[in-house]
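Q: Next comes the structure file entry_10.txt, holding compact mmCIF, N, CA and C atoms.
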```txt
# COMPACT_ATOMS: atom_id res chain seq x y z
N MET G 27 32.79 128.76 96.60
CA MET G 27 33.86 128.59 97.56
C MET G 27 34.19 129.95 98.16
N THR G 28 34.38 130.00 99.46
CA THR G 28 34.75 131.26 100.10
C THR G 28 36.24 131.54 99.88
N ALA G 29 36.66 132.76 100.16
CA ALA G 29 38.08 133.13 100.02
C ALA G 29 38.95 132.25 100.91
N ALA G 30 38.51 131.98 102.11
CA ALA G 30 39.28 131.14 103.02
C ALA G 30 39.39 129.71 102.48
N GLU G 31 38.30 129.20 101.90
CA GLU G 31 38.33 127.86 101.31
C GLU G 31 39.27 127.82 100.11
N ASP G 32 39.24 128.88 99.28
CA ASP G 32 40.16 128.94 98.14
C ASP G 32 41.61 128.92 98.63
N LYS G 33 41.93 129.70 99.65
CA LYS G 33 43.30 129.73 100.16
C LYS G 33 43.72 128.36 100.70
N ARG G 34 42.82 127.68 101.40
CA ARG G 34 43.13 126.34 101.90
C ARG G 34 43.37 125.37 100.73
N ALA G 35 42.54 125.48 99.69
CA ALA G 35 42.69 124.61 98.52
C ALA G 35 44.02 124.88 97.80
N ILE G 36 44.39 126.14 97.70
CA ILE G 36 45.65 126.51 97.06
C ILE G 36 46.83 125.99 97.87
N LYS G 37 46.78 126.16 99.18
CA LYS G 37 47.85 125.64 100.03
C LYS G 37 47.96 124.13 99.91
N ALA G 38 46.83 123.44 99.75
CA ALA G 38 46.85 121.99 99.58
C ALA G 38 47.52 121.61 98.25
N VAL G 39 47.27 122.38 97.20
CA VAL G 39 47.93 122.12 95.91
C VAL G 39 49.45 122.31 96.06
N ILE G 40 49.84 123.37 96.75
CA ILE G 40 51.27 123.66 96.94
C ILE G 40 51.93 122.56 97.78
N GLU G 41 51.25 122.08 98.80
CA GLU G 41 51.80 120.99 99.61
C GLU G 41 51.85 119.69 98.80
N ALA G 42 50.85 119.43 97.95
CA ALA G 42 50.88 118.25 97.09
C ALA G 42 52.07 118.33 96.12
N ARG G 43 52.34 119.54 95.64
CA ARG G 43 53.50 119.75 94.76
C ARG G 43 54.78 119.44 95.52
N ALA G 44 54.90 119.94 96.76
CA ALA G 44 56.09 119.69 97.57
C ALA G 44 56.26 118.19 97.84
N GLU G 45 55.19 117.50 98.14
CA GLU G 45 55.27 116.06 98.40
C GLU G 45 55.67 115.32 97.12
N ALA G 46 55.17 115.74 95.97
CA ALA G 46 55.56 115.12 94.70
C ALA G 46 57.05 115.31 94.45
N LEU G 47 57.58 116.48 94.79
CA LEU G 47 59.01 116.72 94.64
C LEU G 47 59.81 115.84 95.60
N ARG G 48 59.38 115.79 96.86
CA ARG G 48 60.10 114.98 97.85
C ARG G 48 60.16 113.51 97.43
N SER G 49 59.08 113.00 96.87
CA SER G 49 59.02 111.59 96.49
C SER G 49 59.43 111.36 95.03
N LYS G 50 59.78 112.45 94.33
CA LYS G 50 60.19 112.38 92.91
C LYS G 50 59.11 111.68 92.07
N ASP G 51 57.86 112.07 92.29
CA ASP G 51 56.71 111.47 91.62
C ASP G 51 56.23 112.40 90.50
N VAL G 52 56.61 112.08 89.28
CA VAL G 52 56.30 112.94 88.13
C VAL G 52 54.79 113.03 87.91
N LYS G 53 54.07 111.93 88.05
CA LYS G 53 52.62 111.94 87.83
C LYS G 53 51.91 112.82 88.86
N ALA G 54 52.32 112.72 90.11
CA ALA G 54 51.71 113.56 91.15
C ALA G 54 52.04 115.02 90.92
N LEU G 55 53.26 115.31 90.47
CA LEU G 55 53.65 116.68 90.16
C LEU G 55 52.79 117.22 89.02
N ALA G 56 52.56 116.41 88.01
CA ALA G 56 51.74 116.83 86.86
C ALA G 56 50.32 117.18 87.29
N ARG G 57 49.79 116.51 88.29
CA ARG G 57 48.42 116.78 88.74
C ARG G 57 48.28 118.15 89.39
N THR G 58 49.37 118.73 89.87
CA THR G 58 49.29 120.04 90.52
C THR G 58 49.37 121.19 89.53
N GLY G 59 49.84 120.94 88.34
CA GLY G 59 50.02 122.00 87.35
C GLY G 59 49.13 121.83 86.13
N SER G 60 49.02 122.91 85.38
CA SER G 60 48.26 122.86 84.14
C SER G 60 49.14 122.28 83.03
N ARG G 61 48.52 121.81 81.98
CA ARG G 61 49.28 121.27 80.84
C ARG G 61 50.08 122.35 80.14
N ASP G 62 49.64 123.59 80.26
CA ASP G 62 50.33 124.71 79.60
C ASP G 62 51.14 125.55 80.57
N ILE G 63 51.59 124.93 81.66
CA ILE G 63 52.36 125.64 82.67
C ILE G 63 53.62 126.27 82.05
N VAL G 64 53.95 127.45 82.54
CA VAL G 64 55.18 128.14 82.16
C VAL G 64 56.09 128.11 83.39
N VAL G 65 57.33 127.64 83.20
CA VAL G 65 58.26 127.49 84.33
C VAL G 65 59.55 128.24 84.05
N TYR G 66 59.90 129.10 84.99
CA TYR G 66 61.19 129.76 85.02
C TYR G 66 61.95 129.12 86.17
N SER G 67 62.71 128.07 85.86
CA SER G 67 63.38 127.32 86.93
C SER G 67 64.81 127.82 87.13
N LEU G 68 65.47 127.25 88.13
CA LEU G 68 66.85 127.62 88.41
C LEU G 68 67.79 127.11 87.31
N ALA G 69 67.43 125.98 86.71
CA ALA G 69 68.27 125.37 85.67
C ALA G 69 67.87 125.88 84.29
N PRO G 70 68.79 125.85 83.33
CA PRO G 70 68.43 126.20 81.95
C PRO G 70 67.36 125.26 81.43
N PRO G 71 66.59 125.67 80.46
CA PRO G 71 66.67 126.90 79.69
C PRO G 71 66.04 128.07 80.44
N LEU G 72 65.98 129.23 79.79
CA LEU G 72 65.38 130.40 80.43
C LEU G 72 63.91 130.19 80.75
N VAL G 73 63.21 129.44 79.92
CA VAL G 73 61.79 129.17 80.14
C VAL G 73 61.47 127.79 79.57
N SER G 74 60.57 127.08 80.24
CA SER G 74 60.06 125.83 79.69
C SER G 74 58.54 125.84 79.84
N THR G 75 57.89 125.09 78.99
CA THR G 75 56.43 125.03 79.03
C THR G 75 55.97 123.58 78.96
N GLY G 76 54.91 123.30 79.67
CA GLY G 76 54.21 122.03 79.55
C GLY G 76 54.95 120.80 80.00
N GLY G 77 55.74 120.20 79.13
CA GLY G 77 56.29 118.87 79.32
C GLY G 77 57.09 118.64 80.58
N LEU G 78 57.17 117.38 80.95
CA LEU G 78 57.86 117.00 82.19
C LEU G 78 59.12 116.18 81.93
N ASP G 79 59.58 116.10 80.67
CA ASP G 79 60.78 115.32 80.38
C ASP G 79 61.98 115.85 81.16
N GLY G 80 62.13 117.16 81.25
CA GLY G 80 63.24 117.74 82.01
C GLY G 80 63.16 117.40 83.48
N VAL G 81 61.94 117.31 84.01
CA VAL G 81 61.75 116.97 85.43
C VAL G 81 62.17 115.53 85.67
N ARG G 82 61.79 114.63 84.76
CA ARG G 82 62.20 113.22 84.90
C ARG G 82 63.72 113.11 84.94
N ALA G 83 64.38 113.79 84.02
CA ALA G 83 65.85 113.75 83.96
C ALA G 83 66.45 114.34 85.23
N TRP G 84 65.86 115.43 85.74
CA TRP G 84 66.36 116.07 86.95
C TRP G 84 66.18 115.15 88.16
N PHE G 85 65.00 114.51 88.29
CA PHE G 85 64.78 113.57 89.39
C PHE G 85 65.83 112.47 89.39
N ALA G 86 66.27 112.03 88.21
CA ALA G 86 67.26 110.96 88.11
C ALA G 86 68.62 111.38 88.65
N THR G 87 68.85 112.68 88.86
CA THR G 87 70.14 113.14 89.39
C THR G 87 70.20 113.11 90.91
N TRP G 88 69.11 112.72 91.55
CA TRP G 88 69.06 112.64 93.02
C TRP G 88 69.25 111.20 93.46
N ASP G 89 70.12 111.00 94.46
CA ASP G 89 70.37 109.69 95.02
C ASP G 89 69.45 109.54 96.24
N GLY G 90 68.33 108.88 96.04
CA GLY G 90 67.35 108.75 97.12
C GLY G 90 66.39 109.91 97.12
N PRO G 91 65.67 110.07 98.23
CA PRO G 91 64.65 111.13 98.28
C PRO G 91 65.28 112.52 98.32
N MET G 92 64.48 113.48 97.93
CA MET G 92 64.87 114.89 97.96
C MET G 92 64.20 115.54 99.16
N GLY G 93 64.95 116.35 99.89
CA GLY G 93 64.34 117.16 100.93
C GLY G 93 63.77 118.41 100.28
N TYR G 94 62.53 118.75 100.60
CA TYR G 94 61.91 119.93 100.02
C TYR G 94 60.88 120.47 101.00
N GLU G 95 61.04 121.73 101.35
CA GLU G 95 60.08 122.37 102.26
C GLU G 95 59.86 123.81 101.81
N THR G 96 58.73 124.36 102.21
CA THR G 96 58.46 125.77 101.96
C THR G 96 58.33 126.48 103.30
N ARG G 97 58.62 127.78 103.27
CA ARG G 97 58.56 128.58 104.49
C ARG G 97 57.97 129.94 104.16
N ASP G 98 57.20 130.48 105.07
CA ASP G 98 56.62 131.82 104.93
C ASP G 98 55.69 131.94 103.72
N LEU G 99 54.89 130.92 103.50
CA LEU G 99 53.97 130.90 102.36
C LEU G 99 52.89 131.96 102.53
N GLU G 100 52.73 132.78 101.50
CA GLU G 100 51.66 133.79 101.44
C GLU G 100 50.84 133.53 100.18
N VAL G 101 49.53 133.57 100.31
CA VAL G 101 48.62 133.31 99.19
C VAL G 101 47.65 134.47 99.06
N THR G 102 47.49 134.94 97.83
CA THR G 102 46.47 135.94 97.50
C THR G 102 45.59 135.32 96.43
N ALA G 103 44.28 135.27 96.67
CA ALA G 103 43.39 134.58 95.74
C ALA G 103 42.20 135.43 95.36
N GLY G 104 41.86 135.39 94.08
CA GLY G 104 40.64 135.97 93.57
C GLY G 104 39.69 134.84 93.20
N ASP G 105 38.68 135.15 92.41
CA ASP G 105 37.71 134.11 92.02
C ASP G 105 38.32 133.07 91.10
N LYS G 106 39.17 133.51 90.15
CA LYS G 106 39.69 132.59 89.14
C LYS G 106 41.21 132.56 89.06
N ALA G 107 41.89 133.48 89.71
CA ALA G 107 43.35 133.54 89.66
C ALA G 107 43.91 133.82 91.05
N ALA G 108 45.13 133.31 91.25
CA ALA G 108 45.79 133.49 92.55
C ALA G 108 47.30 133.49 92.34
N PHE G 109 48.00 134.02 93.33
CA PHE G 109 49.44 133.87 93.33
C PHE G 109 49.89 133.58 94.75
N ALA G 110 51.05 132.93 94.82
CA ALA G 110 51.61 132.56 96.11
C ALA G 110 53.12 132.76 96.04
N HIS G 111 53.71 133.10 97.17
CA HIS G 111 55.16 133.20 97.21
C HIS G 111 55.66 132.71 98.56
N CYS G 112 56.89 132.20 98.54
CA CYS G 112 57.50 131.66 99.76
C CYS G 112 58.99 131.47 99.52
N LEU G 113 59.66 131.04 100.56
CA LEU G 113 61.03 130.56 100.43
C LEU G 113 60.94 129.04 100.35
N ALA G 114 61.80 128.46 99.54
CA ALA G 114 61.83 127.00 99.40
C ALA G 114 63.23 126.51 99.76
N HIS G 115 63.27 125.33 100.36
CA HIS G 115 64.53 124.74 100.80
C HIS G 115 64.63 123.35 100.20
N MET G 116 65.69 123.12 99.43
CA MET G 116 65.91 121.85 98.77
C MET G 116 67.21 121.25 99.30
N THR G 117 67.14 119.98 99.72
CA THR G 117 68.32 119.30 100.27
C THR G 117 68.37 117.88 99.73
N GLY G 118 69.57 117.31 99.77
CA GLY G 118 69.70 115.90 99.42
C GLY G 118 71.05 115.60 98.79
N ARG G 119 71.24 114.31 98.55
CA ARG G 119 72.47 113.82 97.92
C ARG G 119 72.22 113.61 96.44
N ARG G 120 73.19 114.02 95.64
CA ARG G 120 73.10 113.89 94.19
C ARG G 120 73.80 112.61 93.75
N THR G 121 73.46 112.10 92.59
CA THR G 121 74.08 110.87 92.10
C THR G 121 75.57 111.06 91.81
N ASP G 122 76.02 112.30 91.65
CA ASP G 122 77.46 112.55 91.44
C ASP G 122 78.22 112.65 92.75
N GLY G 123 77.53 112.39 93.88
CA GLY G 123 78.16 112.43 95.19
C GLY G 123 78.05 113.77 95.89
N GLY G 124 77.63 114.79 95.18
CA GLY G 124 77.49 116.12 95.79
C GLY G 124 76.28 116.19 96.70
N GLU G 125 76.31 117.18 97.58
CA GLU G 125 75.20 117.44 98.50
C GLU G 125 74.57 118.77 98.13
N THR G 126 73.25 118.82 98.16
CA THR G 126 72.52 120.06 97.90
C THR G 126 71.88 120.54 99.18
N ASP G 127 72.04 121.83 99.46
CA ASP G 127 71.39 122.49 100.59
C ASP G 127 71.17 123.94 100.14
N LEU G 128 70.03 124.20 99.54
CA LEU G 128 69.79 125.47 98.86
C LEU G 128 68.45 126.07 99.26
N TRP G 129 68.48 127.32 99.68
CA TRP G 129 67.27 128.12 99.86
C TRP G 129 67.11 128.98 98.62
N PHE G 130 65.88 129.10 98.11
CA PHE G 130 65.60 129.97 96.97
C PHE G 130 64.20 130.54 97.09
N ARG G 131 63.90 131.50 96.24
CA ARG G 131 62.59 132.15 96.24
C ARG G 131 61.68 131.44 95.23
N LEU G 132 60.43 131.27 95.61
CA LEU G 132 59.46 130.59 94.75
C LEU G 132 58.20 131.44 94.66
N THR G 133 57.77 131.70 93.43
CA THR G 133 56.50 132.38 93.18
C THR G 133 55.67 131.50 92.25
N LEU G 134 54.41 131.31 92.60
CA LEU G 134 53.51 130.48 91.81
C LEU G 134 52.28 131.29 91.41
N GLY G 135 51.87 131.15 90.16
CA GLY G 135 50.60 131.69 89.70
C GLY G 135 49.65 130.51 89.51
N LEU G 136 48.42 130.67 89.92
CA LEU G 136 47.44 129.59 89.80
C LEU G 136 46.17 130.11 89.15
N GLU G 137 45.46 129.22 88.47
CA GLU G 137 44.14 129.52 87.91
C GLU G 137 43.18 128.44 88.36
N LYS G 138 41.92 128.86 88.57
CA LYS G 138 40.88 127.89 88.89
C LYS G 138 40.31 127.40 87.56
N ARG G 139 40.51 126.14 87.29
CA ARG G 139 40.05 125.53 86.03
C ARG G 139 39.18 124.32 86.37
N GLY G 140 37.95 124.37 85.88
CA GLY G 140 37.03 123.27 86.17
C GLY G 140 36.79 123.09 87.65
N GLY G 141 36.84 124.19 88.40
CA GLY G 141 36.58 124.15 89.83
C GLY G 141 37.79 123.77 90.69
N ALA G 142 38.94 123.49 90.05
CA ALA G 142 40.14 123.10 90.79
C ALA G 142 41.28 124.07 90.51
N TRP G 143 42.07 124.35 91.53
CA TRP G 143 43.23 125.23 91.37
C TRP G 143 44.38 124.46 90.75
N LYS G 144 44.99 125.04 89.70
CA LYS G 144 46.14 124.45 89.02
C LYS G 144 47.24 125.50 88.93
N ILE G 145 48.47 125.07 89.11
CA ILE G 145 49.61 125.96 88.95
C ILE G 145 49.83 126.18 87.46
N THR G 146 49.81 127.44 87.03
CA THR G 146 50.00 127.78 85.62
C THR G 146 51.31 128.51 85.36
N HIS G 147 51.93 129.00 86.42
CA HIS G 147 53.19 129.73 86.30
C HIS G 147 54.03 129.43 87.54
N GLU G 148 55.30 129.10 87.31
CA GLU G 148 56.20 128.78 88.41
C GLU G 148 57.51 129.51 88.16
N HIS G 149 57.98 130.21 89.18
CA HIS G 149 59.21 131.00 89.03
C HIS G 149 60.10 130.79 90.26
N HIS G 150 61.32 130.29 90.01
CA HIS G 150 62.33 130.12 91.06
C HIS G 150 63.39 131.17 90.84
N SER G 151 63.98 131.66 91.92
CA SER G 151 65.10 132.59 91.75
C SER G 151 66.02 132.55 92.95
N THR G 152 67.27 132.88 92.69
CA THR G 152 68.25 133.09 93.75
C THR G 152 68.82 134.48 93.55
N PRO G 153 69.13 135.17 94.62
CA PRO G 153 69.79 136.46 94.47
C PRO G 153 71.20 136.24 93.94
N PHE G 154 71.79 137.28 93.40
CA PHE G 154 73.19 137.18 92.98
C PHE G 154 73.97 138.35 93.54
N GLU G 155 75.26 138.14 93.65
CA GLU G 155 76.15 139.14 94.22
C GLU G 155 76.25 140.33 93.27
N MET G 156 76.04 141.52 93.78
CA MET G 156 76.03 142.74 92.96
C MET G 156 77.40 143.43 92.96
N ASP G 157 78.47 142.65 93.17
CA ASP G 157 79.82 143.20 93.23
C ASP G 157 80.53 143.17 91.89
N GLY G 158 79.82 142.85 90.83
CA GLY G 158 80.42 142.75 89.51
C GLY G 158 80.74 141.32 89.12
N GLY G 159 80.78 140.42 90.09
CA GLY G 159 81.06 139.01 89.80
C GLY G 159 79.83 138.24 89.37
N PHE G 160 78.65 138.72 89.74
CA PHE G 160 77.37 138.12 89.37
C PHE G 160 77.26 136.65 89.75
N ARG G 161 77.86 136.25 90.85
CA ARG G 161 77.77 134.89 91.34
C ARG G 161 76.43 134.72 92.07
N ALA G 162 75.82 133.57 91.86
CA ALA G 162 74.60 133.27 92.58
C ALA G 162 74.92 133.17 94.07
N ALA G 163 74.07 133.77 94.89
CA ALA G 163 74.26 133.76 96.34
C ALA G 163 73.54 132.55 96.93
N VAL G 164 74.12 131.37 96.71
CA VAL G 164 73.46 130.13 97.11
C VAL G 164 73.73 129.74 98.57
N ASP G 165 74.48 130.56 99.28
CA ASP G 165 74.79 130.25 100.67
C ASP G 165 73.88 130.97 101.66
N LEU G 166 72.88 131.68 101.18
CA LEU G 166 71.97 132.42 102.06
C LEU G 166 71.03 131.50 102.80
N LYS G 167 70.72 131.85 104.04
CA LYS G 167 69.77 131.12 104.88
C LYS G 167 68.80 132.14 105.47
N PRO G 168 67.53 131.75 105.63
CA PRO G 168 66.58 132.71 106.24
C PRO G 168 66.85 132.92 107.72
```
Hey, can you dump this file as structure tokens for me?
A:
Amino acid sequence: MTAAEDKRAIKAVIEARAEALRSKDVKALARTGSRDIVVYSLAPPLVSTGGLDGVRAWFATWDGPMGYETRDLEVTAGDKAAFAHCLAHMTGRRTDGGETDLWFRLTLGLEKRGGAWKITHEHHSTPFEMDGGFRAAVDLKP
């Protein structure tokens, strides 16, 4: 596979992940990641590995579909490892009646396993206010 083909394949995995999130499809989401994926998500705990039980529970907190898009995606790929970063935008109505409209930073690590790219590391982050209050800056827009 050429470098350009690898980048296209990686972008396809990332778009498949986004579509799985939008449709709240746990099985489709699992196909984009490795079984030993390490995730640093916005929600506790500090780190999770492998299982999707937390994702199932999280999907259940959304009332209807979730809006999810990526922006400014950059991919760097080698023969067997790659990383990607972008801004992600999550929107939608929650089952508690609240509305979500959040931009955050997303970094993904991928490995080529059995000829296919799989997400092995996922890291979400939001900046926080450096004024001593340490509040998450969830009102930022690109």
Q: Residues within 6 Å of Lys144 (chain G), please, as a list in words. Count only C-alpha atoms; anything in the same chain fewer than 6 positions from it doesn't count.
A: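 The neighbour list is Thr58, Gly59, Ser60, Leu136 and Glu137 of chain G.
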Q: What does the distance from CA of Lys138 (chain G) to CA of Ala44 (chain G) come to in Å, to one decimal?
A: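 So the two atoms, CA of Lys138 (chain G) and CA of Ala44 (chain G), lie 19.3 Å apart.
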Q: Do you know which residues are at most 12 Å from Ile40 (chain G) counting only C-alpha atoms, after dropping those on the same chain fewer than 2 positions away, and could you put them as a PyMOL selection string?
A: chain G and resi 33-38+42-47+54-55+57-59+94-97+99-101+109-112+114+132-136+143-145+148
Q: Would you save the residues from that selection as a short mmCIF file (atom, residue, chain, number, x, y, z; two decimals), in the coordinates of the input, using N, CA and C atoms?
A:
```cif
data_model
loop_
_atom_site.label_atom_id
_atom_site.label_comp_id
_atom_site.auth_asym_id
_atom_site.auth_seq_id
_atom_site.Cartn_x
_atom_site.Cartn_y
_atom_site.Cartn_z
N LYS G 33 41.93 129.70 99.65
CA LYS G 33 43.30 129.73 100.16
C LYS G 33 43.72 128.36 100.70
N ARG G 34 42.82 127.68 101.40
CA ARG G 34 43.13 126.34 101.90
C ARG G 34 43.37 125.37 100.73
N ALA G 35 42.54 125.48 99.69
CA ALA G 35 42.69 124.61 98.52
C ALA G 35 44.02 124.88 97.80
N ILE G 36 44.39 126.14 97.70
CA ILE G 36 45.65 126.51 97.06
C ILE G 36 46.83 125.99 97.87
N LYS G 37 46.78 126.16 99.18
CA LYS G 37 47.85 125.64 100.03
C LYS G 37 47.96 124.13 99.91
N ALA G 38 46.83 123.44 99.75
CA ALA G 38 46.85 121.99 99.58
C ALA G 38 47.52 121.61 98.25
N ALA G 42 50.85 119.43 97.95
CA ALA G 42 50.88 118.25 97.09
C ALA G 42 52.07 118.33 96.12
N ARG G 43 52.34 119.54 95.64
CA ARG G 43 53.50 119.75 94.76
C ARG G 43 54.78 119.44 95.52
N ALA G 44 54.90 119.94 96.76
CA ALA G 44 56.09 119.69 97.57
C ALA G 44 56.26 118.19 97.84
N GLU G 45 55.19 117.50 98.14
CA GLU G 45 55.27 116.06 98.40
C GLU G 45 55.67 115.32 97.12
N ALA G 46 55.17 115.74 95.97
CA ALA G 46 55.56 115.12 94.70
C ALA G 46 57.05 115.31 94.45
N LEU G 47 57.58 116.48 94.79
CA LEU G 47 59.01 116.72 94.64
C LEU G 47 59.81 115.84 95.60
N ALA G 54 52.32 112.72 90.11
CA ALA G 54 51.71 113.56 91.15
C ALA G 54 52.04 115.02 90.92
N LEU G 55 53.26 115.31 90.47
CA LEU G 55 53.65 116.68 90.16
C LEU G 55 52.79 117.22 89.02
N ARG G 57 49.79 116.51 88.29
CA ARG G 57 48.42 116.78 88.74
C ARG G 57 48.28 118.15 89.39
N THR G 58 49.37 118.73 89.87
CA THR G 58 49.29 120.04 90.52
C THR G 58 49.37 121.19 89.53
N GLY G 59 49.84 120.94 88.34
CA GLY G 59 50.02 122.00 87.35
C GLY G 59 49.13 121.83 86.13
N TYR G 94 62.53 118.75 100.60
CA TYR G 94 61.91 119.93 100.02
C TYR G 94 60.88 120.47 101.00
N GLU G 95 61.04 121.73 101.35
CA GLU G 95 60.08 122.37 102.26
C GLU G 95 59.86 123.81 101.81
N THR G 96 58.73 124.36 102.21
CA THR G 96 58.46 125.77 101.96
C THR G 96 58.33 126.48 103.30
N ARG G 97 58.62 127.78 103.27
CA ARG G 97 58.56 128.58 104.49
C ARG G 97 57.97 129.94 104.16
N LEU G 99 54.89 130.92 103.50
CA LEU G 99 53.97 130.90 102.36
C LEU G 99 52.89 131.96 102.53
N GLU G 100 52.73 132.78 101.50
CA GLU G 100 51.66 133.79 101.44
C GLU G 100 50.84 133.53 100.18
N VAL G 101 49.53 133.57 100.31
CA VAL G 101 48.62 133.31 99.19
C VAL G 101 47.65 134.47 99.06
N PHE G 109 48.00 134.02 93.33
CA PHE G 109 49.44 133.87 93.33
C PHE G 109 49.89 133.58 94.75
N ALA G 110 51.05 132.93 94.82
CA ALA G 110 51.61 132.56 96.11
C ALA G 110 53.12 132.76 96.04
N HIS G 111 53.71 133.10 97.17
CA HIS G 111 55.16 133.20 97.21
C HIS G 111 55.66 132.71 98.56
N CYS G 112 56.89 132.20 98.54
CA CYS G 112 57.50 131.66 99.76
C CYS G 112 58.99 131.47 99.52
N ALA G 114 61.80 128.46 99.54
CA ALA G 114 61.83 127.00 99.40
C ALA G 114 63.23 126.51 99.76
N LEU G 132 60.43 131.27 95.61
CA LEU G 132 59.46 130.59 94.75
C LEU G 132 58.20 131.44 94.66
N THR G 133 57.77 131.70 93.43
CA THR G 133 56.50 132.38 93.18
C THR G 133 55.67 131.50 92.25
N LEU G 134 54.41 131.31 92.60
CA LEU G 134 53.51 130.48 91.81
C LEU G 134 52.28 131.29 91.41
N GLY G 135 51.87 131.15 90.16
CA GLY G 135 50.60 131.69 89.70
C GLY G 135 49.65 130.51 89.51
N LEU G 136 48.42 130.67 89.92
CA LEU G 136 47.44 129.59 89.80
C LEU G 136 46.17 130.11 89.15
N TRP G 143 42.07 124.35 91.53
CA TRP G 143 43.23 125.23 91.37
C TRP G 143 44.38 124.46 90.75
N LYS G 144 44.99 125.04 89.70
CA LYS G 144 46.14 124.45 89.02
C LYS G 144 47.24 125.50 88.93
N ILE G 145 48.47 125.07 89.11
CA ILE G 145 49.61 125.96 88.95
C ILE G 145 49.83 126.18 87.46
N GLU G 148 55.30 129.10 87.31
CA GLU G 148 56.20 128.78 88.41
C GLU G 148 57.51 129.51 88.16
#
```
Q: To one decimal place in Å, what is the distance between CA of Gly93 (chain G) and CA of Leu113 (chain G)?
A: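 Those two atoms sit 13.8 Å apart.
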Q: Could you please determine the separation between atom N of His147 (chain G) and CA of Val64 (chain G) in Å, to one decimal place?
A: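 Between atom N of His147 (chain G) and CA of Val64 (chain G) the gap is 5.4 Å.
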Q: From a backbone DSSP assignment, name each residue in chain G labelled alpha helix (DSSP H), as number ranges by chain.
A: G: 29-48, 52-58, 79-85
Q: Which residue out of G:Ile63, G:Val52, G:Val164, G:Ala69 has the minimum interatomic distance to His150 (chain G) when only C-alpha atoms are used?
A: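 For His150 (chain G), the nearest of the given residues is G:Ala69.
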Q: Within region 46-92 of chain G, find each residue whose DSSP state, derived from the backbone, is strand (DSSP E), and express the selection as an mmCIF file with N, CA and C atoms, in the coordinates of the input.
A:
```cif
data_model
loop_
_atom_site.group_PDB
_atom_site.id
_atom_site.type_symbol
_atom_site.label_atom_id
_atom_site.label_comp_id
_atom_site.auth_asym_id
_atom_site.auth_seq_id
_atom_site.Cartn_x
_atom_site.Cartn_y
_atom_site.Cartn_z
ATOM 1 N N GLY G 59 49.840 120.940 88.340
ATOM 2 C CA GLY G 59 50.020 122.000 87.350
ATOM 3 C C GLY G 59 49.130 121.830 86.130
ATOM 4 N N SER G 60 49.020 122.910 85.380
ATOM 5 C CA SER G 60 48.260 122.860 84.140
ATOM 6 C C SER G 60 49.140 122.280 83.030
ATOM 7 N N ARG G 61 48.520 121.810 81.980
ATOM 8 C CA ARG G 61 49.280 121.270 80.840
ATOM 9 C C ARG G 61 50.080 122.350 80.140
ATOM 10 N N ASP G 62 49.640 123.590 80.260
ATOM 11 C CA ASP G 62 50.330 124.710 79.600
ATOM 12 C C ASP G 62 51.140 125.550 80.570
ATOM 13 N N ILE G 63 51.590 124.930 81.660
ATOM 14 C CA ILE G 63 52.360 125.640 82.670
ATOM 15 C C ILE G 63 53.620 126.270 82.050
ATOM 16 N N VAL G 64 53.950 127.450 82.540
ATOM 17 C CA VAL G 64 55.180 128.140 82.160
ATOM 18 C C VAL G 64 56.090 128.110 83.390
ATOM 19 N N VAL G 65 57.330 127.640 83.200
ATOM 20 C CA VAL G 65 58.260 127.490 84.330
ATOM 21 C C VAL G 65 59.550 128.240 84.050
ATOM 22 N N TYR G 66 59.900 129.100 84.990
ATOM 23 C CA TYR G 66 61.190 129.760 85.020
ATOM 24 C C TYR G 66 61.950 129.120 86.170
ATOM 25 N N SER G 74 60.570 127.080 80.240
ATOM 26 C CA SER G 74 60.060 125.830 79.690
ATOM 27 C C SER G 74 58.540 125.840 79.840
ATOM 28 N N THR G 75 57.890 125.090 78.990
ATOM 29 C CA THR G 75 56.430 125.030 79.030
ATOM 30 C C THR G 75 55.970 123.580 78.960
#
```
Q: Hey, which of G:Ala30, G:Val39, G:Met156, G:Leu166 ends up closest to Ala142 (chain G)? Count only C-alpha atoms.
A: G:Val39
Q: Using only C-alpha atoms, which of the listed residues (G:Gly104, G:Gly76, G:Pro71, G:Gly90) sits closest to Glu31 (chain G)?
A: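 Using only C-alpha atoms, the shortest distance to Glu31 (chain G) belongs to G:Gly104.
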Q: Between G:Asp165, G:Glu41, G:Asp98, G:Asp62, which is the closest to Thr146 (chain G) once you count all atoms listed in the file?
A: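 Ranking G:Asp165, G:Glu41, G:Asp98, G:Asp62 by distance to Thr146 (chain G), first place goes to G:Asp62.
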Q: Go through G:Ser151, G:Val65, G:Arg120, G:Trp84 and flag the residue nearest Lys50 (chain G), using only C-alpha atoms for the distances.
A: G:Trp84
Q: Of the candidates G:Thr121, G:Thr102, G:Ser67, G:Ser74, which one gets nearest to Thr87 (chain G) if we count only C-alpha atoms?
A: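 Closest residue, counting only C-alpha atoms: G:Thr121.
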Q: Put a box with edges along x, y and z around all the listed atoms of region 111-123 of chain G, pad it by 8 Å on each side, then give me its centre and sizes in Å, one decimal, as JSON.
A:
```
{"center_x": 66.0, "center_y": 122.0, "center_z": 96.1, "size_x": 40.5, "size_y": 38.3, "size_z": 25.4}
```
Q: Report as a ChimeraX atom specification all protein, DNA and RNA residues lying within 7 Å of Ala162 (chain G), evaluated on only C-alpha atoms, omitting residues in the same chain fewer than 5 positions from it.
A: /G:152-155
Q: Given the point (67.2, 133.2, 100.5) in the file's coordinates, find the residues that have an atom at most 6 Å from it, counting all atoms listed in the file, and give them as a list in words.
A: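 Here the neighbourhood of the point contains Trp129, Phe130, Arg131, Leu166, Lys167 and Pro168 of chain G.
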